[in-house]
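Data block below; observations after.
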Amino acid sequence: MVAAPPQPIEFHFDPMGTTEALERYSPGGYHPVVIGDMLDSQPGLASHERRYRVLHKLGFGSFATVWLARDVQSSTFVALKLTTADSGAQEAREARMLQKLAVSPTEPSTHVLSLQDHFIIDGPNGSHHVLVTDVVLPLLSILKPSTEPSWRKALARGLVLGVAHMHRRGVKHGDLHLGNLACAMPELASQDEDDVMQDLTPYDLTIVLPREPSDQTPSLPPYVVGPCELGKYWESIRSPDSPPEVKILDFGNAREAHEAAGELQCAVEACAPEVAFARVALGHSSPEWGLPSDVWAVGATIYEIVTGSSLFYGVGLAEGLLGRLATLAGAVPPQWQSYWQSRPHLRQSEISAEVADSEWERRRALLRKGCVDDADADRLVQLLRRVLVLEPDRRPSIEDVVRDAWFRDGKRRQ
């Protein structure tokens with residue numbers, strides 16, 4: 001006789017989506033964290049001897065919570081990413097990729113998140129990777145309609161330089177999009193801990209109280225806390241004349257350039273045409289992808305940085321996306337033709353160079369709003385049309401993109 005599956009725990013209070021899901025505080029899920037907790041890579045230390053002290057919540061995702069902490073050895077602020085116990089292989093890979101991309105502190109910025117420490121802790125829900133990094137601010141929280149064109153170009157340049165560093169080190173990312181970009185906060189290093197804690201938003205706590213007393217196990221924290229408003233705090237301390245320094249995040253999908261791809265969990269915004277076609281038309285869950293796939297994602301992300309809207313807003317990973325891709329490119333790749341002709345909706349699409357020119361003229365008007373002037377917008381359209389081509393072997397390398405006239409022009413203006 002098969003045992004009935006366990007019933008989900010019911011709680012008296014619901015954080016209403018402002019924190020991670022409470023039901024994921026279970027074996028295989030999140031590690032219960034309390035403000036003031038002390039963590040260290042060395043097991044067996046007394047709490048007061050440990051190195052990292054948790055101060056506030058920075059964010060959360062399906063596979064991790066991220067915390068603002070104080071490194072008591074160096075008296076610096078750091079971010080602690082505590083992964084779920086069931087995501088160990090992915091997070092070990094992320095740590096390995098960040099270590100491969102690391103440079104000495106005296107070298108220029110690589111525009112890649114810096115890994116300062118990495119260790120594993122054991123808790124009631126399993127073993128969890130802890131990644132210690134710089135504190136950074138998600139780009140989505142600071143990019144606004146009023147953001148100046150010079151800032152947008154600086155953000156785009158940082159993205160391109162970061163990907164160039166990755167590719168030189170033989171790493172492909174696989175999930176480059178705006179949600180995986182952040183901005184460095186160098187001003188935080190000079191702030192006093194008391195001032196930071198007073199100026200950050202107060203703790204928004206939800207008590208974790210199951211309806212059934214028997215469900216109150218060590219797997220659960222006593223409360224969950226909503227993320228602080230780090231962007232609002234940064235506005236009060238940042239140097240207004242300093243250009244933004246982009247940091248690329250989330251290397252859970254990343255591989256060495258020569259590695260087989262493995263199953264790819266990428267956002268639609270980061271999904272290169274070869275990946276989209278393999279998934280939609282061929283049904284491959286682990287399509288091949290490589291450095292040119294990152295280059296496509298760079299182009300799509302630059303478009304979103306400048307316009308504030310994704311390249312194909314509201315379009316999911318389906319036939320409709322393939323149609324939009326071909327419309328933008330002005331042609332259907334030879335490898336797609338057999339599938340294309342078998343699908344009436346796609347076969348009837350109007351795909352031509354003239355239609356593509358018209359589509360890019362429409363998009364130029366959107367890009368112009370985030371550019372310095374008409375000439376700047378024209379150069380950006382030329383760059384994007386070089387990058388956003390459907391055949392991966394026809395895309396420029398990231399080194400070619402770094403040298404593009406659009407970025408050279410920005411340096412002269414700044």
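For the structure tokens, the naming scheme is as follows: chains receive sequential letters (A, B, ...) according to their order of presentation, residues are indexed from 1 within each chain, and ligands are indexed from 1 in presentation order.
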
Open item on the list: Need to verify the contact set: Ala270 of chain A, 6 Å, only C-alpha atoms, exclusion of same-chain residues closer than 5 positions in sequence. Can you return it as a ChimeraX atom specification?
Closed with: /A:175-177,297

Requested write-out: all heavy atoms of the selected residues, as a PDB file, in the first residue's frame:
ATOM      1  N   ASP A 175      22.541  32.554 -19.487  1.00  0.00           N
ATOM      2  CA  ASP A 175      21.295  33.163 -19.000  1.00  0.00           C
ATOM      3  C   ASP A 175      21.479  34.657 -18.769  1.00  0.00           C
ATOM      4  O   ASP A 175      21.132  35.189 -17.712  1.00  0.00           O
ATOM      5  CB  ASP A 175      20.856  32.467 -17.704  1.00  0.00           C
ATOM      6  CG  ASP A 175      19.404  32.766 -17.328  1.00  0.00           C
ATOM      7  OD1 ASP A 175      18.629  33.164 -18.212  1.00  0.00           O
ATOM      8  OD2 ASP A 175      19.052  32.605 -16.145  1.00  0.00           O
ATOM      9  N   LEU A 176      22.022  35.343 -19.766  1.00  0.00           N
ATOM     10  CA  LEU A 176      22.279  36.775 -19.650  1.00  0.00           C
ATOM     11  C   LEU A 176      20.994  37.558 -19.947  1.00  0.00           C
ATOM     12  O   LEU A 176      20.460  37.517 -21.058  1.00  0.00           O
ATOM     13  CB  LEU A 176      23.377  37.203 -20.630  1.00  0.00           C
ATOM     14  CG  LEU A 176      24.797  36.729 -20.301  1.00  0.00           C
ATOM     15  CD1 LEU A 176      25.704  36.926 -21.504  1.00  0.00           C
ATOM     16  CD2 LEU A 176      25.349  37.481 -19.087  1.00  0.00           C
ATOM     17  N   HIS A 177      20.522  38.262 -18.953  1.00  0.00           N
ATOM     18  CA  HIS A 177      19.380  39.164 -19.137  1.00  0.00           C
ATOM     19  C   HIS A 177      19.426  40.194 -18.022  1.00  0.00           C
ATOM     20  O   HIS A 177      20.252  40.108 -17.095  1.00  0.00           O
ATOM     21  CB  HIS A 177      18.050  38.402 -19.166  1.00  0.00           C
ATOM     22  CG  HIS A 177      17.775  37.589 -17.936  1.00  0.00           C
ATOM     23  ND1 HIS A 177      17.185  38.104 -16.811  1.00  0.00           N
ATOM     24  CD2 HIS A 177      18.030  36.281 -17.656  1.00  0.00           C
ATOM     25  CE1 HIS A 177      17.066  37.165 -15.896  1.00  0.00           C
ATOM     26  NE2 HIS A 177      17.579  36.044 -16.374  1.00  0.00           N
ATOM     27  N   ALA A 297      22.273  37.172 -26.479  1.00  0.00           N
ATOM     28  CA  ALA A 297      21.664  37.661 -25.245  1.00  0.00           C
ATOM     29  C   ALA A 297      22.179  39.051 -24.882  1.00  0.00           C
ATOM     30  O   ALA A 297      21.435  39.875 -24.347  1.00  0.00           O
ATOM     31  CB  ALA A 297      21.936  36.671 -24.109  1.00  0.00           C
TER      32      ALA A 297
END

TODO: Would you mind listing what lies within 8 Å of segment 344-360 of chain A as a PyMOL selection string, with only C-alpha atoms counted and same-chain residues fewer than 4 positions away left out?
DONE: chain A and resi 319+323+326-332+340+364+381

Would you save the residues from that selection as an mmCIF file, in the first residue's frame, using N, CA and C atoms?
data_model
loop_
_atom_site.group_PDB
_atom_site.id
_atom_site.type_symbol
_atom_site.label_atom_id
_atom_site.label_comp_id
_atom_site.auth_asym_id
_atom_site.auth_seq_id
_atom_site.Cartn_x
_atom_site.Cartn_y
_atom_site.Cartn_z
ATOM 1 N N GLU A 319 5.841 28.941 -30.878
ATOM 2 C CA GLU A 319 5.953 29.260 -32.309
ATOM 3 C C GLU A 319 5.956 30.757 -32.568
ATOM 4 N N GLY A 323 8.407 33.153 -35.080
ATOM 5 C CA GLY A 323 7.926 34.085 -36.089
ATOM 6 C C GLY A 323 8.463 35.487 -35.889
ATOM 7 N N ALA A 326 12.215 35.629 -36.920
ATOM 8 C CA ALA A 326 12.419 35.670 -38.370
ATOM 9 C C ALA A 326 12.001 37.014 -38.954
ATOM 10 N N THR A 327 10.936 37.597 -38.421
ATOM 11 C CA THR A 327 10.500 38.919 -38.891
ATOM 12 C C THR A 327 11.595 39.950 -38.667
ATOM 13 N N LEU A 328 12.220 39.903 -37.499
ATOM 14 C CA LEU A 328 13.269 40.861 -37.167
ATOM 15 C C LEU A 328 14.503 40.660 -38.048
ATOM 16 N N ALA A 329 14.792 39.394 -38.383
ATOM 17 C CA ALA A 329 15.979 39.089 -39.180
ATOM 18 C C ALA A 329 15.754 39.265 -40.674
ATOM 19 N N GLY A 330 14.515 39.130 -41.101
ATOM 20 C CA GLY A 330 14.203 39.291 -42.525
ATOM 21 C C GLY A 330 14.381 38.030 -43.356
ATOM 22 N N ALA A 331 14.626 36.890 -42.716
ATOM 23 C CA ALA A 331 14.804 35.638 -43.451
ATOM 24 C C ALA A 331 14.639 34.471 -42.490
ATOM 25 N N VAL A 332 14.308 33.315 -43.058
ATOM 26 C CA VAL A 332 14.199 32.076 -42.282
ATOM 27 C C VAL A 332 15.468 31.261 -42.530
ATOM 28 N N TRP A 340 9.384 25.078 -40.657
ATOM 29 C CA TRP A 340 8.617 26.281 -41.013
ATOM 30 C C TRP A 340 7.497 25.938 -41.989
ATOM 31 N N ARG A 364 13.802 51.659 -33.913
ATOM 32 C CA ARG A 364 14.728 52.782 -33.786
ATOM 33 C C ARG A 364 14.082 53.935 -33.027
ATOM 34 N N VAL A 381 21.453 50.971 -33.725
ATOM 35 C CA VAL A 381 20.680 50.074 -34.599
ATOM 36 C C VAL A 381 21.620 49.227 -35.448
#

TODO: Kindly indicate which residue among A:Pro138, A:Pro222, A:Pro273, A:Pro149 lies nearest to Leu390 of chain A, using only C-alpha atoms for the distances.
DONE: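 Closest to Leu390 of chain A of all the choices is A:Pro273.
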
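In terms of minimum interatomic distance to Phe407 of chain A, A:Asp376 ranks closest within A:Asp86, A:Asp71, A:Glu10, A:Asp376, counting only C-alpha atoms.
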
Can you write out as a Markdown table which residues of segment 1-82 of chain A fall within 12 Å of segment 87-93 of chain A, alongside each residue's closest atom pair and its distance in Å to one decimal, counting only C-alpha atoms and ordering rows by chain and ascending residue number?
| residue | atom | partner | partner_atom | distance |
| --- | --- | --- | --- | --- |
| A:Gly28 | CA | A:Ser87 | CA | 8.3 |
| A:Gly29 | CA | A:Ser87 | CA | 8.6 |
| A:Tyr30 | CA | A:Ser87 | CA | 10.0 |
| A:Gly61 | CA | A:Ser87 | CA | 11.9 |
| A:Ser62 | CA | A:Ser87 | CA | 9.8 |
| A:Phe63 | CA | A:Ser87 | CA | 6.5 |
| A:Ala64 | CA | A:Ser87 | CA | 8.7 |
| A:Lys81 | CA | A:Glu91 | CA | 9.8 |
| A:Leu82 | CA | A:Glu91 | CA | 9.5 |

Print the selection's residues with N, CA, C and O atoms to a file, as a short mmCIF file (atom, residue, chain, number, x, y, z; two decimals), in the first residue's frame.
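File produced: out-v8.cif:
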data_model
loop_
_atom_site.label_atom_id
_atom_site.label_comp_id
_atom_site.auth_asym_id
_atom_site.auth_seq_id
_atom_site.Cartn_x
_atom_site.Cartn_y
_atom_site.Cartn_z
N GLY A 28 15.51 19.58 2.02
CA GLY A 28 15.82 19.87 0.63
C GLY A 28 15.65 21.33 0.26
O GLY A 28 16.09 21.76 -0.80
N GLY A 29 15.02 22.12 1.15
CA GLY A 29 14.72 23.50 0.83
C GLY A 29 15.66 24.50 1.49
O GLY A 29 16.86 24.25 1.66
N TYR A 30 15.09 25.66 1.89
CA TYR A 30 15.89 26.75 2.44
C TYR A 30 16.45 26.41 3.82
O TYR A 30 15.87 25.63 4.58
N GLY A 61 15.14 33.92 -4.07
CA GLY A 61 14.73 33.33 -5.33
C GLY A 61 14.25 31.91 -5.07
O GLY A 61 14.13 31.47 -3.92
N SER A 62 14.00 31.18 -6.12
CA SER A 62 13.48 29.82 -5.96
C SER A 62 14.48 28.90 -5.29
O SER A 62 14.09 27.91 -4.66
N PHE A 63 15.77 29.21 -5.44
CA PHE A 63 16.80 28.29 -4.95
C PHE A 63 17.77 28.92 -3.95
O PHE A 63 18.80 28.33 -3.64
N ALA A 64 17.47 30.11 -3.45
CA ALA A 64 18.41 30.74 -2.51
C ALA A 64 17.75 31.92 -1.81
O ALA A 64 16.79 32.52 -2.32
N LYS A 81 24.85 34.37 -0.03
CA LYS A 81 23.83 33.64 -0.78
C LYS A 81 23.77 32.23 -0.20
O LYS A 81 24.71 31.45 -0.32
N LEU A 82 22.65 31.89 0.44
CA LEU A 82 22.45 30.57 1.02
C LEU A 82 21.50 29.78 0.13
O LEU A 82 20.34 30.16 -0.04
#
